[in-house]
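Novice: The structure's right below; bear with me while I get my questions together.
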There are 2 protein chains.
Amino acid sequence: MIDGKSIKAIVKRFSTMEGVRGVIVCDADGLPIQSDLDTETTEATAAYITSLIGRARNTVDALKEGDLKFVRLETAKGEVMIAPEQGLILIVLK
Amino acid sequence: MIDGKSIKAIVKRFSTMEGVRGVIVCDADGLPIQSDLDTETTEATAAYITSLIGRARNTVDALKEGDLKFVRLETAKGEVMIAPEQGLILIVLK
């Protein structure tokens, strides 16, 4: 299990990267444990994230492409990068 | 509505691109209408695609990032690129 200090360090590392507008860290169940976005946006995003990763895994499995490493959503405003790590889900808004 | 000839042309254009291993075109409901992968893989993939795009749109909406343009799934073997166009869903395996 990753401790709170490490998670804060992850958020800090990503949020200081050029062009990064927000970072959310969720646990494996999609519960937000750290965020530099407002509470409403964080909770609304977290509500969909495990389901999105589940569907992404289903798609990758159907295509027999092995493990899912990363999900990127390109939008009108930029990019949402989602990394499903062991025990953590990292969401970076760029 | 895009005609069958145009769809075949889309698949051909993408499938001849370097590194592309497969192309599936679905209608807006996720029904496969053209594919150069086998039927089983095509149908299994198509079964999840509208749900995946729905969840991606939910996530992007929650983050107030405007329209979803593109979904990319990075895997152990490569990348799955999904373009939700008007009336069509294009899936490219790279």
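We label chains A, B, ... in the order they appear in the structure tokens, count residues from 1 in each chain, and number ligands from 1 in the order shown.
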I'd like the contact shell of B:Ile82 - 6 Å cut-off, only C-alpha atoms, skipping same-chain residues fewer than 4 positions apart - returned as number ranges by chain.

Specialist: B: 70-71, 90-91

Novice: Atoms to include: C-alpha atoms. Write the selected residues as an mmCIF file, in the first residue's frame.

Specialist:
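The result, stored in again_13.cif:
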```
data_model
loop_
_atom_site.group_PDB
_atom_site.id
_atom_site.type_symbol
_atom_site.label_atom_id
_atom_site.label_comp_id
_atom_site.auth_asym_id
_atom_site.auth_seq_id
_atom_site.Cartn_x
_atom_site.Cartn_y
_atom_site.Cartn_z
ATOM 1 C CA PHE B 70 -10.433 10.559 -29.719
ATOM 2 C CA VAL B 71 -9.830 7.633 -27.349
ATOM 3 C CA LEU B 90 -13.616 3.977 -36.303
ATOM 4 C CA ILE B 91 -11.327 1.549 -34.454
#
```

Novice: Could you please write out, as a ChimeraX atom specification, every residue of chain A that DSSP assigns to strand (DSSP E)?

Specialist: /A:22-27,32-35,68-75,79-85,88-93

Novice: Select residues of chain B: the criterion is any atom within 9 Å of an atom of chain A, counting only C-alpha atoms; output as an mmCIF file with all heavy atoms, in the first residue's frame.

Specialist:
```cif
data_model
loop_
_atom_site.group_PDB
_atom_site.id
_atom_site.type_symbol
_atom_site.label_atom_id
_atom_site.label_comp_id
_atom_site.auth_asym_id
_atom_site.auth_seq_id
_atom_site.Cartn_x
_atom_site.Cartn_y
_atom_site.Cartn_z
ATOM 1 N N GLU B 40 -15.108 -13.065 -35.057
ATOM 2 C CA GLU B 40 -15.189 -13.216 -33.600
ATOM 3 C C GLU B 40 -14.598 -11.993 -32.892
ATOM 4 O O GLU B 40 -15.229 -11.413 -32.004
ATOM 5 C CB GLU B 40 -14.434 -14.488 -33.190
ATOM 6 C CG GLU B 40 -14.758 -14.944 -31.783
ATOM 7 C CD GLU B 40 -13.755 -15.973 -31.283
ATOM 8 O OE1 GLU B 40 -13.233 -16.767 -32.085
ATOM 9 O OE2 GLU B 40 -13.471 -15.944 -30.064
ATOM 10 N N THR B 41 -13.392 -11.604 -33.293
ATOM 11 C CA THR B 41 -12.714 -10.450 -32.679
ATOM 12 C C THR B 41 -13.506 -9.168 -32.937
ATOM 13 O O THR B 41 -13.692 -8.345 -32.037
ATOM 14 C CB THR B 41 -11.282 -10.304 -33.256
ATOM 15 O OG1 THR B 41 -10.600 -11.544 -33.088
ATOM 16 C CG2 THR B 41 -10.508 -9.203 -32.565
ATOM 17 N N THR B 42 -13.981 -9.018 -34.159
ATOM 18 C CA THR B 42 -14.751 -7.829 -34.535
ATOM 19 C C THR B 42 -15.991 -7.691 -33.666
ATOM 20 O O THR B 42 -16.242 -6.624 -33.092
ATOM 21 C CB THR B 42 -15.169 -7.916 -36.023
ATOM 22 O OG1 THR B 42 -13.988 -7.990 -36.817
ATOM 23 C CG2 THR B 42 -15.987 -6.707 -36.452
ATOM 24 N N GLU B 43 -16.752 -8.794 -33.534
ATOM 25 C CA GLU B 43 -18.001 -8.731 -32.760
ATOM 26 C C GLU B 43 -17.744 -8.525 -31.271
ATOM 27 O O GLU B 43 -18.464 -7.776 -30.608
ATOM 28 C CB GLU B 43 -18.859 -9.973 -33.016
ATOM 29 C CG GLU B 43 -19.460 -9.897 -34.421
ATOM 30 C CD GLU B 43 -20.366 -11.058 -34.773
ATOM 31 O OE1 GLU B 43 -20.461 -12.006 -33.969
ATOM 32 O OE2 GLU B 43 -20.967 -11.022 -35.864
ATOM 33 N N ALA B 44 -16.696 -9.184 -30.738
ATOM 34 C CA ALA B 44 -16.362 -9.042 -29.314
ATOM 35 C C ALA B 44 -15.958 -7.597 -29.009
ATOM 36 O O ALA B 44 -16.339 -7.033 -27.983
ATOM 37 C CB ALA B 44 -15.237 -10.009 -28.941
ATOM 38 N N THR B 45 -15.203 -6.997 -29.925
ATOM 39 C CA THR B 45 -14.746 -5.616 -29.731
ATOM 40 C C THR B 45 -15.926 -4.647 -29.836
ATOM 41 O O THR B 45 -16.100 -3.769 -28.985
ATOM 42 C CB THR B 45 -13.687 -5.255 -30.792
ATOM 43 O OG1 THR B 45 -12.654 -6.232 -30.749
ATOM 44 C CG2 THR B 45 -13.102 -3.874 -30.543
ATOM 45 N N ALA B 46 -16.734 -4.840 -30.876
ATOM 46 C CA ALA B 46 -17.878 -3.965 -31.122
ATOM 47 C C ALA B 46 -18.840 -3.958 -29.933
ATOM 48 O O ALA B 46 -19.447 -2.933 -29.617
ATOM 49 C CB ALA B 46 -18.600 -4.401 -32.388
ATOM 50 N N ALA B 47 -18.925 -5.105 -29.247
ATOM 51 C CA ALA B 47 -19.841 -5.230 -28.107
ATOM 52 C C ALA B 47 -19.535 -4.234 -26.992
ATOM 53 O O ALA B 47 -20.421 -3.849 -26.237
ATOM 54 C CB ALA B 47 -19.786 -6.656 -27.565
ATOM 55 N N TYR B 48 -18.297 -3.804 -26.864
ATOM 56 C CA TYR B 48 -17.918 -2.907 -25.774
ATOM 57 C C TYR B 48 -17.737 -1.452 -26.193
ATOM 58 O O TYR B 48 -17.620 -0.572 -25.357
ATOM 59 C CB TYR B 48 -16.604 -3.382 -25.137
ATOM 60 C CG TYR B 48 -16.731 -4.723 -24.465
ATOM 61 C CD1 TYR B 48 -16.075 -5.836 -24.965
ATOM 62 C CD2 TYR B 48 -17.519 -4.869 -23.330
ATOM 63 C CE1 TYR B 48 -16.200 -7.072 -24.352
ATOM 64 C CE2 TYR B 48 -17.652 -6.098 -22.711
ATOM 65 C CZ TYR B 48 -16.992 -7.203 -23.231
ATOM 66 O OH TYR B 48 -17.124 -8.409 -22.630
ATOM 67 N N ILE B 49 -17.698 -1.230 -27.499
ATOM 68 C CA ILE B 49 -17.208 0.063 -27.969
ATOM 69 C C ILE B 49 -18.128 1.255 -27.640
ATOM 70 O O ILE B 49 -17.640 2.306 -27.221
ATOM 71 C CB ILE B 49 -16.843 -0.025 -29.485
ATOM 72 C CG1 ILE B 49 -15.644 0.848 -29.776
ATOM 73 C CG2 ILE B 49 -17.992 0.267 -30.409
ATOM 74 C CD1 ILE B 49 -14.357 0.368 -29.202
ATOM 75 N N SER B 51 -20.222 1.460 -25.161
ATOM 76 C CA SER B 51 -20.179 1.630 -23.715
ATOM 77 C C SER B 51 -18.871 2.341 -23.306
ATOM 78 O O SER B 51 -18.877 3.234 -22.458
ATOM 79 C CB SER B 51 -20.290 0.260 -23.067
ATOM 80 O OG SER B 51 -20.189 0.365 -21.687
ATOM 81 N N LEU B 52 -17.766 1.949 -23.939
ATOM 82 C CA LEU B 52 -16.475 2.607 -23.676
ATOM 83 C C LEU B 52 -16.537 4.094 -24.041
ATOM 84 O O LEU B 52 -16.135 4.956 -23.242
ATOM 85 C CB LEU B 52 -15.356 1.919 -24.483
ATOM 86 C CG LEU B 52 -14.003 2.633 -24.526
ATOM 87 C CD1 LEU B 52 -13.334 2.660 -23.160
ATOM 88 C CD2 LEU B 52 -13.075 1.963 -25.541
ATOM 89 N N ILE B 53 -17.086 4.391 -25.203
ATOM 90 C CA ILE B 53 -17.191 5.784 -25.639
ATOM 91 C C ILE B 53 -18.130 6.563 -24.709
ATOM 92 O O ILE B 53 -17.849 7.708 -24.351
ATOM 93 C CB ILE B 53 -17.658 5.872 -27.118
ATOM 94 C CG1 ILE B 53 -16.552 5.344 -28.029
ATOM 95 C CG2 ILE B 53 -18.018 7.310 -27.511
ATOM 96 C CD1 ILE B 53 -16.959 5.178 -29.473
ATOM 97 N N GLY B 54 -19.216 5.926 -24.279
ATOM 98 C CA GLY B 54 -20.143 6.551 -23.333
ATOM 99 C C GLY B 54 -19.444 6.946 -22.044
ATOM 100 O O GLY B 54 -19.582 8.075 -21.568
ATOM 101 N N ARG B 55 -18.641 6.024 -21.487
ATOM 102 C CA ARG B 55 -17.913 6.289 -20.245
ATOM 103 C C ARG B 55 -16.843 7.364 -20.460
ATOM 104 O O ARG B 55 -16.606 8.193 -19.585
ATOM 105 C CB ARG B 55 -17.272 5.010 -19.707
ATOM 106 C CG ARG B 55 -18.239 4.034 -19.128
ATOM 107 C CD ARG B 55 -18.899 4.617 -17.871
ATOM 108 N NE ARG B 55 -19.963 3.744 -17.389
ATOM 109 C CZ ARG B 55 -21.224 3.821 -17.797
ATOM 110 N NH1 ARG B 55 -21.606 4.712 -18.693
ATOM 111 N NH2 ARG B 55 -22.129 3.001 -17.299
ATOM 112 N N ALA B 56 -16.203 7.336 -21.624
ATOM 113 C CA ALA B 56 -15.191 8.353 -21.934
ATOM 114 C C ALA B 56 -15.856 9.733 -22.004
ATOM 115 O O ALA B 56 -15.329 10.712 -21.474
ATOM 116 C CB ALA B 56 -14.494 8.015 -23.252
ATOM 117 N N ARG B 57 -17.052 9.790 -22.615
ATOM 118 C CA ARG B 57 -17.795 11.061 -22.697
ATOM 119 C C ARG B 57 -18.215 11.540 -21.305
ATOM 120 O O ARG B 57 -18.114 12.718 -20.996
ATOM 121 C CB ARG B 57 -19.042 10.906 -23.591
ATOM 122 C CG ARG B 57 -18.706 10.877 -25.058
ATOM 123 C CD ARG B 57 -19.844 11.476 -25.921
ATOM 124 N NE ARG B 57 -19.399 11.630 -27.287
ATOM 125 C CZ ARG B 57 -19.710 10.811 -28.290
ATOM 126 N NH1 ARG B 57 -20.505 9.773 -28.078
ATOM 127 N NH2 ARG B 57 -19.237 11.021 -29.511
ATOM 128 N N ASN B 58 -18.681 10.605 -20.447
ATOM 129 C CA ASN B 58 -19.054 10.940 -19.068
ATOM 130 C C ASN B 58 -17.875 11.561 -18.331
ATOM 131 O O ASN B 58 -18.016 12.563 -17.626
ATOM 132 C CB ASN B 58 -19.468 9.670 -18.291
ATOM 133 C CG ASN B 58 -20.767 9.050 -18.753
ATOM 134 O OD1 ASN B 58 -20.958 7.849 -18.648
ATOM 135 N ND2 ASN B 58 -21.670 9.852 -19.285
ATOM 136 N N THR B 59 -16.697 10.948 -18.485
ATOM 137 C CA THR B 59 -15.487 11.415 -17.797
ATOM 138 C C THR B 59 -15.104 12.817 -18.263
ATOM 139 O O THR B 59 -14.831 13.702 -17.450
ATOM 140 C CB THR B 59 -14.320 10.433 -18.057
ATOM 141 O OG1 THR B 59 -14.739 9.114 -17.709
ATOM 142 C CG2 THR B 59 -13.077 10.799 -17.265
ATOM 143 N N VAL B 60 -15.121 13.009 -19.579
ATOM 144 C CA VAL B 60 -14.770 14.293 -20.182
ATOM 145 C C VAL B 60 -15.785 15.379 -19.770
ATOM 146 O O VAL B 60 -15.410 16.511 -19.465
ATOM 147 C CB VAL B 60 -14.670 14.123 -21.721
ATOM 148 C CG1 VAL B 60 -14.687 15.450 -22.445
ATOM 149 C CG2 VAL B 60 -13.412 13.325 -22.080
ATOM 150 N N ASP B 61 -17.071 14.996 -19.701
ATOM 151 C CA ASP B 61 -18.114 15.932 -19.248
ATOM 152 C C ASP B 61 -17.887 16.322 -17.787
ATOM 153 O O ASP B 61 -18.023 17.484 -17.425
ATOM 154 C CB ASP B 61 -19.515 15.306 -19.384
ATOM 155 C CG ASP B 61 -19.969 15.243 -20.834
ATOM 156 O OD1 ASP B 61 -19.324 15.875 -21.689
ATOM 157 O OD2 ASP B 61 -20.967 14.542 -21.106
ATOM 158 N N ALA B 62 -17.565 15.316 -16.955
ATOM 159 C CA ALA B 62 -17.332 15.567 -15.525
ATOM 160 C C ALA B 62 -16.185 16.548 -15.337
ATOM 161 O O ALA B 62 -16.197 17.369 -14.421
ATOM 162 C CB ALA B 62 -17.032 14.249 -14.806
ATOM 163 N N LEU B 63 -15.197 16.476 -16.215
ATOM 164 C CA LEU B 63 -14.032 17.371 -16.136
ATOM 165 C C LEU B 63 -14.264 18.696 -16.876
ATOM 166 O O LEU B 63 -13.371 19.546 -16.897
ATOM 167 C CB LEU B 63 -12.799 16.664 -16.709
ATOM 168 C CG LEU B 63 -12.197 15.548 -15.840
ATOM 169 C CD1 LEU B 63 -11.291 14.656 -16.665
ATOM 170 C CD2 LEU B 63 -11.432 16.135 -14.669
ATOM 171 N N LYS B 64 -15.448 18.834 -17.468
ATOM 172 C CA LYS B 64 -15.811 20.028 -18.247
ATOM 173 C C LYS B 64 -14.788 20.342 -19.331
ATOM 174 O O LYS B 64 -14.321 21.466 -19.470
ATOM 175 C CB LYS B 64 -16.019 21.239 -17.326
ATOM 176 C CG LYS B 64 -17.052 21.020 -16.235
ATOM 177 C CD LYS B 64 -17.079 22.190 -15.256
ATOM 178 C CE LYS B 64 -17.792 21.841 -13.958
ATOM 179 N NZ LYS B 64 -16.905 21.187 -12.966
ATOM 180 N N GLU B 65 -14.430 19.277 -20.082
ATOM 181 C CA GLU B 65 -13.395 19.420 -21.110
ATOM 182 C C GLU B 65 -13.951 19.532 -22.529
ATOM 183 O O GLU B 65 -13.207 19.404 -23.494
ATOM 184 C CB GLU B 65 -12.426 18.227 -21.032
ATOM 185 C CG GLU B 65 -11.487 18.266 -19.851
ATOM 186 C CD GLU B 65 -10.519 19.437 -19.948
ATOM 187 O OE1 GLU B 65 -9.697 19.439 -20.862
ATOM 188 O OE2 GLU B 65 -10.593 20.343 -19.105
ATOM 189 N N GLY B 66 -15.270 19.704 -22.651
ATOM 190 C CA GLY B 66 -15.849 19.853 -23.986
ATOM 191 C C GLY B 66 -15.999 18.510 -24.691
ATOM 192 O O GLY B 66 -16.100 17.473 -24.045
ATOM 193 N N ASP B 67 -16.025 18.531 -26.015
ATOM 194 C CA ASP B 67 -16.283 17.313 -26.786
ATOM 195 C C ASP B 67 -15.133 16.315 -26.758
ATOM 196 O O ASP B 67 -13.968 16.694 -26.752
ATOM 197 C CB ASP B 67 -16.549 17.687 -28.253
ATOM 198 C CG ASP B 67 -17.928 18.273 -28.445
ATOM 199 O OD1 ASP B 67 -18.760 18.141 -27.528
ATOM 200 O OD2 ASP B 67 -18.176 18.871 -29.508
ATOM 201 N N LEU B 68 -15.520 15.031 -26.774
ATOM 202 C CA LEU B 68 -14.539 13.947 -26.893
ATOM 203 C C LEU B 68 -14.168 13.783 -28.366
ATOM 204 O O LEU B 68 -15.043 13.628 -29.215
ATOM 205 C CB LEU B 68 -15.144 12.642 -26.361
ATOM 206 C CG LEU B 68 -14.289 11.388 -26.479
ATOM 207 C CD1 LEU B 68 -13.106 11.429 -25.516
ATOM 208 C CD2 LEU B 68 -15.134 10.144 -26.224
ATOM 209 N N LYS B 69 -12.883 13.835 -28.662
ATOM 210 C CA LYS B 69 -12.438 13.740 -30.055
ATOM 211 C C LYS B 69 -11.887 12.355 -30.396
ATOM 212 O O LYS B 69 -12.027 11.877 -31.521
ATOM 213 C CB LYS B 69 -11.319 14.771 -30.320
ATOM 214 C CG LYS B 69 -11.707 16.218 -30.063
ATOM 215 C CD LYS B 69 -12.581 16.770 -31.173
ATOM 216 C CE LYS B 69 -12.937 18.235 -30.924
ATOM 217 N NZ LYS B 69 -14.077 18.638 -31.730
ATOM 218 N N PHE B 70 -11.227 11.740 -29.413
ATOM 219 C CA PHE B 70 -10.433 10.559 -29.719
ATOM 220 C C PHE B 70 -10.170 9.791 -28.429
ATOM 221 O O PHE B 70 -9.962 10.401 -27.384
ATOM 222 C CB PHE B 70 -9.094 11.086 -30.281
ATOM 223 C CG PHE B 70 -8.541 10.281 -31.393
ATOM 224 C CD1 PHE B 70 -9.082 10.369 -32.667
ATOM 225 C CD2 PHE B 70 -7.458 9.449 -31.178
ATOM 226 C CE1 PHE B 70 -8.563 9.619 -33.694
ATOM 227 C CE2 PHE B 70 -6.927 8.695 -32.211
ATOM 228 C CZ PHE B 70 -7.480 8.780 -33.471
ATOM 229 N N VAL B 71 -10.207 8.468 -28.500
ATOM 230 C CA VAL B 71 -9.830 7.633 -27.349
ATOM 231 C C VAL B 71 -8.641 6.767 -27.772
ATOM 232 O O VAL B 71 -8.671 6.159 -28.843
ATOM 233 C CB VAL B 71 -10.997 6.708 -26.908
ATOM 234 C CG1 VAL B 71 -10.590 5.834 -25.728
ATOM 235 C CG2 VAL B 71 -12.248 7.518 -26.573
ATOM 236 N N ARG B 72 -7.594 6.752 -26.964
ATOM 237 C CA ARG B 72 -6.447 5.889 -27.248
ATOM 238 C C ARG B 72 -6.215 4.957 -26.072
ATOM 239 O O ARG B 72 -6.169 5.396 -24.933
ATOM 240 C CB ARG B 72 -5.161 6.712 -27.401
ATOM 241 C CG ARG B 72 -5.094 7.556 -28.653
ATOM 242 C CD ARG B 72 -3.926 8.510 -28.550
ATOM 243 N NE ARG B 72 -3.876 9.397 -29.666
ATOM 244 C CZ ARG B 72 -3.160 9.170 -30.776
ATOM 245 N NH1 ARG B 72 -2.428 8.086 -30.867
ATOM 246 N NH2 ARG B 72 -3.183 10.031 -31.770
ATOM 247 N N LEU B 73 -6.100 3.662 -26.379
ATOM 248 C CA LEU B 73 -5.793 2.684 -25.341
ATOM 249 C C LEU B 73 -4.406 2.129 -25.614
ATOM 250 O O LEU B 73 -4.190 1.482 -26.639
ATOM 251 C CB LEU B 73 -6.814 1.538 -25.360
ATOM 252 C CG LEU B 73 -8.310 1.907 -25.365
ATOM 253 C CD1 LEU B 73 -9.159 0.648 -25.444
ATOM 254 C CD2 LEU B 73 -8.666 2.732 -24.155
ATOM 255 N N GLU B 74 -3.466 2.406 -24.726
ATOM 256 C CA GLU B 74 -2.124 1.847 -24.898
ATOM 257 C C GLU B 74 -2.074 0.494 -24.206
ATOM 258 O O GLU B 74 -2.494 0.359 -23.063
ATOM 259 C CB GLU B 74 -1.076 2.791 -24.307
ATOM 260 C CG GLU B 74 -0.912 4.030 -25.161
ATOM 261 C CD GLU B 74 0.149 4.974 -24.615
ATOM 262 O OE1 GLU B 74 1.035 4.533 -23.886
ATOM 263 O OE2 GLU B 74 0.051 6.170 -24.930
ATOM 264 N N THR B 75 -1.573 -0.491 -24.935
ATOM 265 C CA THR B 75 -1.562 -1.861 -24.406
ATOM 266 C C THR B 75 -0.147 -2.433 -24.450
ATOM 267 O O THR B 75 0.778 -1.773 -24.915
ATOM 268 C CB THR B 75 -2.470 -2.772 -25.266
ATOM 269 O OG1 THR B 75 -1.849 -2.949 -26.547
ATOM 270 C CG2 THR B 75 -3.848 -2.181 -25.460
ATOM 271 N N ALA B 76 -0.038 -3.672 -23.958
ATOM 272 C CA ALA B 76 1.246 -4.370 -23.979
ATOM 273 C C ALA B 76 1.727 -4.547 -25.424
ATOM 274 O O ALA B 76 2.922 -4.544 -25.688
ATOM 275 C CB ALA B 76 1.090 -5.715 -23.285
ATOM 276 N N LYS B 77 0.788 -4.678 -26.368
ATOM 277 C CA LYS B 77 1.164 -4.974 -27.761
ATOM 278 C C LYS B 77 1.232 -3.758 -28.674
ATOM 279 O O LYS B 77 1.830 -3.810 -29.743
ATOM 280 C CB LYS B 77 0.160 -5.966 -28.370
ATOM 281 C CG LYS B 77 0.298 -7.380 -27.846
ATOM 282 C CD LYS B 77 -0.458 -8.318 -28.782
ATOM 283 C CE LYS B 77 -0.595 -9.707 -28.180
ATOM 284 N NZ LYS B 77 -1.478 -10.558 -28.984
ATOM 285 N N GLY B 78 0.576 -2.662 -28.289
ATOM 286 C CA GLY B 78 0.573 -1.497 -29.171
ATOM 287 C C GLY B 78 -0.483 -0.497 -28.727
ATOM 288 O O GLY B 78 -0.578 -0.187 -27.553
ATOM 289 N N GLU B 79 -1.281 -0.057 -29.680
ATOM 290 C CA GLU B 79 -2.260 0.971 -29.352
ATOM 291 C C GLU B 79 -3.573 0.729 -30.091
ATOM 292 O O GLU B 79 -3.572 0.288 -31.237
ATOM 293 C CB GLU B 79 -1.691 2.340 -29.753
ATOM 294 C CG GLU B 79 -2.392 3.510 -29.104
ATOM 295 C CD GLU B 79 -1.744 4.851 -29.464
ATOM 296 O OE1 GLU B 79 -0.875 4.878 -30.356
ATOM 297 O OE2 GLU B 79 -2.130 5.844 -28.861
ATOM 298 N N VAL B 80 -4.686 1.002 -29.414
ATOM 299 C CA VAL B 80 -6.007 0.952 -30.041
ATOM 300 C C VAL B 80 -6.509 2.390 -30.107
ATOM 301 O O VAL B 80 -6.608 3.062 -29.089
ATOM 302 C CB VAL B 80 -6.996 0.092 -29.217
ATOM 303 C CG1 VAL B 80 -8.318 -0.052 -29.959
ATOM 304 C CG2 VAL B 80 -6.408 -1.268 -28.881
ATOM 305 N N LEU B 93 -6.247 -0.533 -34.961
ATOM 306 C CA LEU B 93 -5.312 -1.298 -34.126
ATOM 307 C C LEU B 93 -3.906 -1.096 -34.676
ATOM 308 O O LEU B 93 -3.643 -1.388 -35.839
ATOM 309 C CB LEU B 93 -5.710 -2.776 -34.235
ATOM 310 C CG LEU B 93 -5.225 -3.737 -33.178
ATOM 311 C CD1 LEU B 93 -5.757 -3.347 -31.820
ATOM 312 C CD2 LEU B 93 -5.687 -5.142 -33.538
#
```

Novice: Please measure the separation of atom CA of A:Arg13 and atom CA of A:Gln86, giving the value in Å to one decimal.

Specialist: 18.6 Å

Novice: Out of chain B, which residues get alpha helix (DSSP H) from DSSP, as an MDAnalysis selection string?

Specialist: chainID B and resid 4:15 39:62

Novice: Would you kindly return, as a CSV table (one decimal) with N, CA and C atoms, in the first residue's frame, each protein, DNA or RNA residue with an atom no farther than 12 Å from any atom of A:Lys8, considering only C-alpha atoms and excluding same-chain residues fewer than 5 positions away?

Specialist:
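The result, written out as out.csv:
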```
chain,number,residue,atom,x,y,z
A,2,ILE,N,0.5,2.2,-0.9
A,2,ILE,CA,1.3,3.4,-0.9
A,2,ILE,C,0.8,4.4,0.2
A,3,ASP,N,1.7,5.0,0.9
A,3,ASP,CA,1.3,5.9,1.9
A,3,ASP,C,0.9,7.3,1.4
A,13,ARG,N,4.5,16.0,-8.3
A,13,ARG,CA,5.4,15.8,-9.4
A,13,ARG,C,4.7,16.1,-10.8
A,14,PHE,N,3.5,15.5,-10.9
A,14,PHE,CA,2.7,15.7,-12.1
A,14,PHE,C,2.2,17.1,-12.3
A,15,SER,N,1.7,17.7,-11.2
A,15,SER,CA,1.1,19.0,-11.3
A,15,SER,C,2.1,20.1,-11.6
A,23,VAL,N,-4.5,17.1,-11.4
A,23,VAL,CA,-4.1,15.7,-11.2
A,23,VAL,C,-5.1,15.2,-10.1
A,24,ILE,N,-5.7,14.0,-10.4
A,24,ILE,CA,-6.5,13.3,-9.4
A,24,ILE,C,-5.9,11.9,-9.2
A,25,VAL,N,-5.8,11.5,-7.9
A,25,VAL,CA,-5.4,10.1,-7.6
A,25,VAL,C,-6.5,9.4,-7.0
A,26,CYS,N,-6.9,8.3,-7.5
A,26,CYS,CA,-8.0,7.5,-6.9
A,26,CYS,C,-7.4,6.1,-6.5
A,33,ILE,N,-8.4,10.0,-3.6
A,33,ILE,CA,-7.7,10.1,-2.3
A,33,ILE,C,-6.8,11.3,-2.3
A,34,GLN,N,-6.6,11.9,-3.5
A,34,GLN,CA,-5.8,13.1,-3.6
A,34,GLN,C,-6.2,13.9,-4.9
A,35,SER,N,-6.3,15.2,-4.8
A,35,SER,CA,-6.7,15.9,-6.0
A,35,SER,C,-6.3,17.4,-5.9
A,36,ASP,N,-5.9,18.0,-7.0
A,36,ASP,CA,-5.7,19.4,-7.0
A,36,ASP,C,-6.8,20.2,-7.8
A,90,LEU,N,-4.3,7.0,-11.6
A,90,LEU,CA,-3.8,8.4,-11.8
A,90,LEU,C,-4.5,9.0,-13.0
```

Novice: As a PyMOL selection string, please: the residues near A:Leu88 (cut-off 6 Å, only C-alpha atoms, same-chain neighbours under 3 positions excluded).

Specialist: chain A and resi 26-28+85

Novice: State, in Å with one decimal place, the distance from atom CA of A:Asp29 to atom CA of A:Lys12.

Specialist: 22.1 Å

Novice: Just give me the gap between atom CA of A:Leu31 and atom CA of B:Pro84 in Å, one decimal is fine.

Specialist: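 About the pair atom CA of A:Leu31 and atom CA of B:Pro84: they are 28.2 Å apart.
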